[in-house]
Amino acid sequence: MSKNISNLSGRIGLKDNLFKQISENTLSDTPKDINEIAKEHNLGVSTLHGAESFYEFLRPSHREKKAFVCNGSACMCAGTQDKLKDTLKEKLGDDKVGEMFCLGHCYENNAFHYDGENYAGKDIEKIDQILNGEDIIQDKFFLKVLQLLVF
Amino acid sequence: MDDKLSSPNQFKEQLNKFLKTDKQEIIKSLLDSNLTGRGGAGFPTGMKWDFCSKAKGDKKYVICNADEGDSGAFSDRYLLEDQPLKVIFGMILCGMVIGSDEGVLYIRGEYPKSIEAINGSINELKKLNLLGDNILGTDFSFDLGICIGQGAYICGEETALIASIEGRRAEVDVRPPFPVTEGLYKKPTVVNNVETLAAATGILINGPEKFAAIGNKKSAGTKLVCLDSFFNNPGVYEIDMGTPMKKIFNEIGGGYKEPVKAFQVGGPLGGVVPLSEIDNLNLDFQEFTAKGFMLGHASIVSIPKDFPMSEYIHHLFEFSAEESCGKCFPGRLGSYRGKEMFDQVKNKTAKIPLKLLNELLVTMQKGCLCALCGAIPTPIMNILKYFGDEMKNDMVKDN
């Protein structure tokens, strides 16, 4: 069964691939019914619905929220996230703060995602600026090379 | 990571050189270097490119797996944001070798800056005719795009990643057939991790001998290791394979800011190594596996002394229950039942039935379709072995 779907999807191609079409449609302000996309590509609507319902970011419960705190193991062990979550809930509302698994800021913790951007470390101290839509300067992390030269 | 490929001019110079290089020479270079996949699965990269180049197909694809979802890992993120040209170069060379004219980077949605950086690099390279049709006036064309992940950890598994791009539900597929013969849209495909592609670039530019000279045949070259905030010097480090872990933690990492009792190495599916075992380990894939742990992508998550291990196990089961693709029942049901067991401990409504828990872990290890639910027993078994005492009051042994 999935060989057939893979081949049909192959006709759509990689550039404007089916996954991109489904996710962009769901995330748009005026999404069309996925029945239409299914019909366009000769696919069953259950295939598209099965794919769309799989992803955290495409679910209504996720999209209703505004900020997401990292609930990865490193931030959890560092113990920074409860306080972070409380601060964000205070500013945005109890039901407006969700979770995302690991934003890749394990070296500084206090990581959260807001409005398409990741923040971490001391960024939470500038939360009012962030909520106002201002750009803030963020710390960059470093890499140290151990041996003189390999590549 | 030297500076031989951080500007478009250097990119153009190197690409010019490699467009005239024999494909077999490139494959031999990778084979000689002993480079194995850096994402965690560890398959020899030269072999993968070789198999795919020999596979029959009118259309082939190169996929960069940039779905780095492991907690504690930010080395791929570093490469995508700070050294994107090295990753892209690796993809173009792969395309050249296997006979592909199209590639894609599957970048997780949780990394917006990585997406922006790669998009910027792709656009810049296209303007300079270093990507797209007839690169540098040759017959070779290679188009590159980005696919943005929508919050599913399992898309880091190559068959689920392929299913995701195809618009199918991102469930794991049985292998064989492997992607090198039947991958994206059932066409021959190479799926490589970000760090693997950057390492391949370095090897091809600097020569395979330097890489192969470090470590040993099965764990060769260097590895990016991520140290978390518990270390005095957190960050990404490029370290020789074979380096003693205690040197990495004490000298490079600068020791710990507060007392730590264990480390989870290699992400949520990686082993939990107690502090006492660190002295007996070197940065080596096989050594870690032999002792019942897993080096994987080499991320280090420190578990502080006062963090309850039962809570950590709960976190692991909760993670696998949430992220399970749902296809195989040991994964779908097992992770959820495991989470329930530890929910009860958390809420103090029941104790851990140790015998049942062990049976569940073995079932998941043997019966799961992939490493997500199949390997989550590894760290849990490590914790039961090394920290069983800590949890003995929460356990019932005979049931």
# chains A, B, ... in the order shown; residues from 1 in each chain; ligands from 1

$ residues_around --residues "Asp133 of chain B" --least-positions-apart "4" --cutoff "8 Å" --atoms "only C-alpha atoms" --output "compact mmCIF listing (two decimals) with N, CA, C and O atoms, in the first residue's frame"
# COMPACT_ATOMS: atom_id res chain seq x y z
N ASN B 129 26.03 30.39 -8.63
CA ASN B 129 26.08 29.21 -9.50
C ASN B 129 26.86 28.06 -8.85
O ASN B 129 27.48 27.24 -9.53
N PHE B 140 27.03 18.98 -14.26
CA PHE B 140 26.47 18.55 -12.98
C PHE B 140 25.52 19.60 -12.41
O PHE B 140 25.87 20.77 -12.23
N SER B 141 24.26 19.16 -12.14
CA SER B 141 23.28 20.04 -11.51
C SER B 141 22.88 19.45 -10.18
O SER B 141 22.76 18.23 -10.06
N PHE B 142 22.69 20.28 -9.17
CA PHE B 142 22.25 19.77 -7.86
C PHE B 142 21.39 20.83 -7.19
O PHE B 142 21.84 21.94 -6.93
N ASP B 143 20.14 20.48 -6.96
CA ASP B 143 19.23 21.42 -6.33
C ASP B 143 19.02 21.04 -4.86
O ASP B 143 18.97 19.85 -4.52

$ interface_residues --of "chain A" --to "chain B" --cutoff "6 Å" --atoms "only C-alpha atoms" --output "ChimeraX atom specification"
/A:6-7,9-10,18-19,50-51,55-57,72-74,77,102-104,106-108,143-146,151

$ residues_around --residues "Leu384 of chain B" --least-positions-apart "3" --cutoff "10 Å" --atoms "only C-alpha atoms" --output "list in words"
Met309, Ser310, Ile313, Leu354, Asn358, Pro379, Ile380, Met381, Phe387, Gly388, Asp389, Glu390, Met391 and Lys392 of chain B

$ write_last_selection --atoms "C-alpha atoms" --output "compact mmCIF listing (two decimals), in the first residue's frame"
# COMPACT_ATOMS: atom_id res chain seq x y z
CA MET B 309 16.07 8.45 39.67
CA SER B 310 12.44 7.29 39.71
CA ILE B 313 12.76 6.96 34.60
CA LEU B 354 10.07 -4.88 39.63
CA ASN B 358 11.94 -6.09 33.91
CA PRO B 379 19.07 3.70 30.26
CA ILE B 380 16.28 2.35 32.46
CA MET B 381 18.11 -0.94 32.97
CA PHE B 387 20.80 3.03 41.40
CA GLY B 388 18.46 0.25 42.47
CA ASP B 389 19.26 0.98 46.10
CA GLU B 390 18.01 4.53 45.80
CA MET B 391 14.63 3.28 44.62
CA LYS B 392 14.28 0.14 46.74

$ select_by_dssp --residues "chain A" --states "strand (DSSP E or B)" --output "list of chain:residue names"
A:Ala67, A:Phe68, A:Val69, A:Cys70, A:Val97, A:Gly98, A:Glu99, A:Met100, A:Phe112, A:His113, A:Tyr114, A:Glu117, A:Asn118, A:Tyr119, A:Leu143, A:Lys144, A:Val145

$ write_last_selection --atoms "all heavy atoms" --output "compact mmCIF listing (two decimals), in the first residue's frame"
# COMPACT_ATOMS: atom_id res chain seq x y z
N ALA A 67 3.66 30.27 24.03
CA ALA A 67 5.07 30.02 24.38
C ALA A 67 5.22 28.57 24.79
O ALA A 67 4.25 27.93 25.24
CB ALA A 67 5.51 30.93 25.52
N PHE A 68 6.45 28.03 24.61
CA PHE A 68 6.69 26.63 24.91
C PHE A 68 8.00 26.53 25.67
O PHE A 68 9.03 27.01 25.19
CB PHE A 68 6.77 25.82 23.62
CG PHE A 68 5.55 25.97 22.76
CD1 PHE A 68 5.45 27.01 21.84
CD2 PHE A 68 4.48 25.11 22.92
CE1 PHE A 68 4.31 27.17 21.08
CE2 PHE A 68 3.32 25.27 22.15
CZ PHE A 68 3.23 26.31 21.23
N VAL A 69 7.97 25.92 26.85
CA VAL A 69 9.23 25.76 27.58
C VAL A 69 9.84 24.42 27.19
O VAL A 69 9.13 23.46 26.90
CB VAL A 69 9.07 25.85 29.12
CG1 VAL A 69 8.44 27.15 29.51
CG2 VAL A 69 8.31 24.71 29.67
N CYS A 70 11.15 24.36 27.20
CA CYS A 70 11.84 23.13 26.87
C CYS A 70 11.63 22.12 27.99
O CYS A 70 11.83 22.46 29.17
CB CYS A 70 13.34 23.42 26.71
SG CYS A 70 14.30 21.93 26.47
N VAL A 97 0.79 28.38 27.76
CA VAL A 97 2.18 27.93 27.80
C VAL A 97 2.25 26.41 27.69
O VAL A 97 1.67 25.71 28.50
CB VAL A 97 2.87 28.39 29.11
CG1 VAL A 97 4.34 27.97 29.12
CG2 VAL A 97 2.77 29.90 29.25
N GLY A 98 2.96 25.93 26.68
CA GLY A 98 3.07 24.48 26.47
C GLY A 98 4.51 24.03 26.61
O GLY A 98 5.32 24.73 27.24
N GLU A 99 4.85 22.89 25.98
CA GLU A 99 6.21 22.34 26.10
C GLU A 99 6.73 21.89 24.75
O GLU A 99 5.97 21.52 23.87
CB GLU A 99 6.18 21.15 27.06
CG GLU A 99 5.98 21.57 28.50
CD GLU A 99 5.81 20.41 29.46
OE1 GLU A 99 5.49 19.29 29.02
OE2 GLU A 99 6.00 20.64 30.66
N MET A 100 8.06 21.95 24.61
CA MET A 100 8.72 21.41 23.43
C MET A 100 9.92 20.60 23.91
O MET A 100 10.57 21.00 24.87
CB MET A 100 9.25 22.56 22.55
CG MET A 100 8.26 23.07 21.55
SD MET A 100 9.11 24.19 20.42
CE MET A 100 7.72 24.85 19.54
N PHE A 112 13.19 28.46 26.11
CA PHE A 112 11.79 28.50 25.73
C PHE A 112 11.67 29.01 24.30
O PHE A 112 12.59 29.60 23.74
CB PHE A 112 10.95 29.34 26.71
CG PHE A 112 11.25 30.82 26.72
CD1 PHE A 112 10.47 31.72 26.00
CD2 PHE A 112 12.31 31.32 27.47
CE1 PHE A 112 10.73 33.09 26.02
CE2 PHE A 112 12.59 32.69 27.49
CZ PHE A 112 11.79 33.57 26.77
N HIS A 113 10.51 28.74 23.71
CA HIS A 113 10.23 29.11 22.33
C HIS A 113 9.06 30.08 22.34
O HIS A 113 8.05 29.83 23.00
CB HIS A 113 9.87 27.84 21.54
CG HIS A 113 9.60 28.08 20.09
ND1 HIS A 113 10.56 27.94 19.11
CD2 HIS A 113 8.46 28.42 19.44
CE1 HIS A 113 10.03 28.18 17.93
NE2 HIS A 113 8.74 28.48 18.09
N TYR A 114 9.19 31.20 21.64
CA TYR A 114 8.08 32.15 21.56
C TYR A 114 8.04 32.77 20.19
O TYR A 114 9.07 33.27 19.70
CB TYR A 114 8.23 33.23 22.66
CG TYR A 114 7.19 34.32 22.56
CD1 TYR A 114 5.88 34.11 23.01
CD2 TYR A 114 7.49 35.57 21.99
CE1 TYR A 114 4.91 35.09 22.89
CE2 TYR A 114 6.51 36.55 21.86
CZ TYR A 114 5.23 36.29 22.32
OH TYR A 114 4.27 37.27 22.21
N GLU A 117 10.77 31.92 17.64
CA GLU A 117 12.18 32.07 18.00
C GLU A 117 12.48 31.33 19.31
O GLU A 117 11.60 31.18 20.14
CB GLU A 117 12.51 33.56 18.24
CG GLU A 117 12.63 34.39 16.99
CD GLU A 117 13.86 34.05 16.15
OE1 GLU A 117 14.79 33.40 16.65
OE2 GLU A 117 13.86 34.44 14.97
N ASN A 118 13.74 30.91 19.45
CA ASN A 118 14.17 30.27 20.70
C ASN A 118 14.90 31.26 21.58
O ASN A 118 15.66 32.10 21.09
CB ASN A 118 15.13 29.10 20.40
CG ASN A 118 14.41 27.90 19.83
OD1 ASN A 118 13.19 27.79 19.93
ND2 ASN A 118 15.16 27.01 19.23
N TYR A 119 14.66 31.16 22.87
CA TYR A 119 15.36 32.00 23.84
C TYR A 119 15.86 31.11 24.96
O TYR A 119 15.31 30.05 25.21
CB TYR A 119 14.41 33.06 24.42
CG TYR A 119 13.81 33.97 23.37
CD1 TYR A 119 12.58 33.68 22.79
CD2 TYR A 119 14.49 35.11 22.94
CE1 TYR A 119 12.04 34.50 21.81
CE2 TYR A 119 13.96 35.93 21.96
CZ TYR A 119 12.74 35.62 21.40
OH TYR A 119 12.21 36.43 20.42
N LEU A 143 32.88 27.07 20.48
CA LEU A 143 33.45 25.76 20.21
C LEU A 143 34.94 25.82 20.48
O LEU A 143 35.59 26.77 20.07
CB LEU A 143 33.22 25.38 18.74
CG LEU A 143 34.03 24.19 18.22
CD1 LEU A 143 33.37 22.90 18.61
CD2 LEU A 143 34.17 24.25 16.73
N LYS A 144 35.44 24.84 21.19
CA LYS A 144 36.90 24.82 21.39
C LYS A 144 37.47 23.64 20.62
O LYS A 144 36.93 22.54 20.67
CB LYS A 144 37.21 24.68 22.87
CG LYS A 144 36.87 25.92 23.67
CD LYS A 144 37.77 26.08 24.86
CE LYS A 144 37.45 27.35 25.61
NZ LYS A 144 36.70 27.12 26.82
N VAL A 145 38.54 23.83 19.93
CA VAL A 145 39.17 22.73 19.18
C VAL A 145 40.24 22.10 20.05
O VAL A 145 41.10 22.78 20.58
CB VAL A 145 39.78 23.25 17.88
CG1 VAL A 145 40.50 22.13 17.16
CG2 VAL A 145 38.72 23.84 16.99

$ residues_around --residues "segment 336-353 of chain B" --least-positions-apart "5" --cutoff "6 Å" --atoms "only C-alpha atoms" --output "JSON list (two decimals) with N, CA, C and O atoms, in the first residue's frame"
[["chain", "number", "residue", "atom", "x", "y", "z"],
["B", 314, "HIS", "N", 10.62, 8.05, 34.92],
["B", 314, "HIS", "CA", 9.30, 8.53, 34.50],
["B", 314, "HIS", "C", 9.43, 9.43, 33.29],
["B", 314, "HIS", "O", 8.67, 9.31, 32.31],
["B", 317, "PHE", "N", 10.11, 7.25, 30.16],
["B", 317, "PHE", "CA", 8.91, 6.56, 29.66],
["B", 317, "PHE", "C", 7.92, 7.56, 29.07],
["B", 317, "PHE", "O", 7.29, 7.30, 28.04],
["B", 318, "GLU", "N", 7.79, 8.70, 29.73],
["B", 318, "GLU", "CA", 6.86, 9.73, 29.24],
["B", 318, "GLU", "C", 7.27, 10.19, 27.86],
["B", 318, "GLU", "O", 6.46, 10.37, 26.95],
["B", 321, "ALA", "N", 6.55, 7.41, 25.31],
["B", 321, "ALA", "CA", 5.11, 7.28, 25.10],
["B", 321, "ALA", "C", 4.61, 8.40, 24.20],
["B", 321, "ALA", "O", 3.80, 8.18, 23.29],
["B", 394, "ASP", "N", 10.64, 2.20, 46.81],
["B", 394, "ASP", "CA", 9.50, 2.39, 45.92],
["B", 394, "ASP", "C", 9.19, 1.13, 45.13],
["B", 394, "ASP", "O", 8.36, 1.14, 44.23],
["B", 395, "MET", "N", 9.92, 0.05, 45.45],
["B", 395, "MET", "CA", 9.79, -1.16, 44.61],
["B", 395, "MET", "C", 9.20, -2.31, 45.37],
["B", 395, "MET", "O", 9.40, -2.46, 46.58],
["B", 396, "VAL", "N", 8.52, -3.20, 44.59],
["B", 396, "VAL", "CA", 8.07, -4.48, 45.14],
["B", 396, "VAL", "C", 8.79, -5.53, 44.30],
["B", 396, "VAL", "O", 8.64, -5.55, 43.09],
["B", 399, "ASN", "N", 6.79, -9.04, 42.32],
["B", 399, "ASN", "CA", 5.70, -8.97, 41.36],
["B", 399, "ASN", "C", 6.04, -8.05, 40.21],
["B", 399, "ASN", "O", 6.46, -6.94, 40.41]]

$ residues_around --residues "Gly42 of chain B" --least-positions-apart "5" --cutoff "10 Å" --atoms "only C-alpha atoms" --output "list of chain:residue names"
B:Leu35, B:Thr36, B:Gly37, B:Thr196, B:Lys218, B:Ser219, B:Phe285, B:Gly296, B:His297

$ select_by_dssp --residues "chain A" --states "alpha helix (DSSP H)" --output "VMD selection string"
chain A and resid 2 to 12 18 to 27 34 to 40 45 to 52 60 to 63 73 to 78 81 to 92 127 to 131

$ closest_residue --among "B:Met241, B:Ile88, B:Cys155, B:Leu295" --to "Phe11 of chain B" --atoms "only C-alpha atoms"
B:Ile88

$ closest_residue --among "A:Arg63, A:Lys122, A:Lys20, A:Arg11" --to "Thr80 of chain A" --atoms "only C-alpha atoms"
A:Lys122

$ residues_around --residues "segment 47-50 of chain B" --least-positions-apart "6" --cutoff "9 Å" --atoms "only C-alpha atoms" --output "list in words"
Gln24, Ile27, Lys28, Leu30, Leu31, Cys94, Val97, Ile98, Val180, Val190 and Val191 of chain B

$ write_last_selection --atoms "N, CA and C atoms" --output "tab-separated table (two decimals), in the first residue's frame"
chain	number	residue	atom	x	y	z
B	24	GLN	N	35.21	7.34	-7.84
B	24	GLN	CA	35.77	6.20	-7.09
B	24	GLN	C	36.82	6.65	-6.09
B	27	ILE	N	34.98	7.95	-3.04
B	27	ILE	CA	34.46	6.85	-2.22
B	27	ILE	C	35.62	6.19	-1.46
B	28	LYS	N	36.74	5.97	-2.18
B	28	LYS	CA	37.89	5.31	-1.53
B	28	LYS	C	38.40	6.15	-0.36
B	30	LEU	N	36.70	8.11	1.57
B	30	LEU	CA	35.81	7.95	2.72
B	30	LEU	C	35.98	6.59	3.37
B	31	LEU	N	36.15	5.55	2.53
B	31	LEU	CA	36.34	4.20	3.08
B	31	LEU	C	37.64	4.14	3.87
B	94	CYS	N	28.17	14.16	-2.19
B	94	CYS	CA	27.41	12.90	-2.16
B	94	CYS	C	26.58	12.79	-3.42
B	97	VAL	N	28.68	11.81	-6.35
B	97	VAL	CA	29.17	10.43	-6.29
B	97	VAL	C	28.05	9.43	-6.59
B	98	ILE	N	26.86	9.65	-6.03
B	98	ILE	CA	25.82	8.63	-6.22
B	98	ILE	C	25.02	8.85	-7.50
B	180	VAL	N	19.29	3.09	0.73
B	180	VAL	CA	20.25	3.21	-0.39
B	180	VAL	C	19.73	2.53	-1.66
B	190	VAL	N	20.59	8.46	-0.10
B	190	VAL	CA	21.53	8.46	1.03
B	190	VAL	C	20.95	9.37	2.09
B	191	VAL	N	20.79	8.83	3.31
B	191	VAL	CA	20.40	9.67	4.43
B	191	VAL	C	21.61	9.76	5.35

$ atom_distance --atom1 "atom CA of Met364 of chain B" --atom2 "atom CA of Gly331 of chain B"
6.4 Å

$ closest_residue --among "A:Ala111, A:Leu48, A:Gln138, A:Leu92" --to "Asn35 of chain A" --atoms "only C-alpha atoms"
A:Leu48
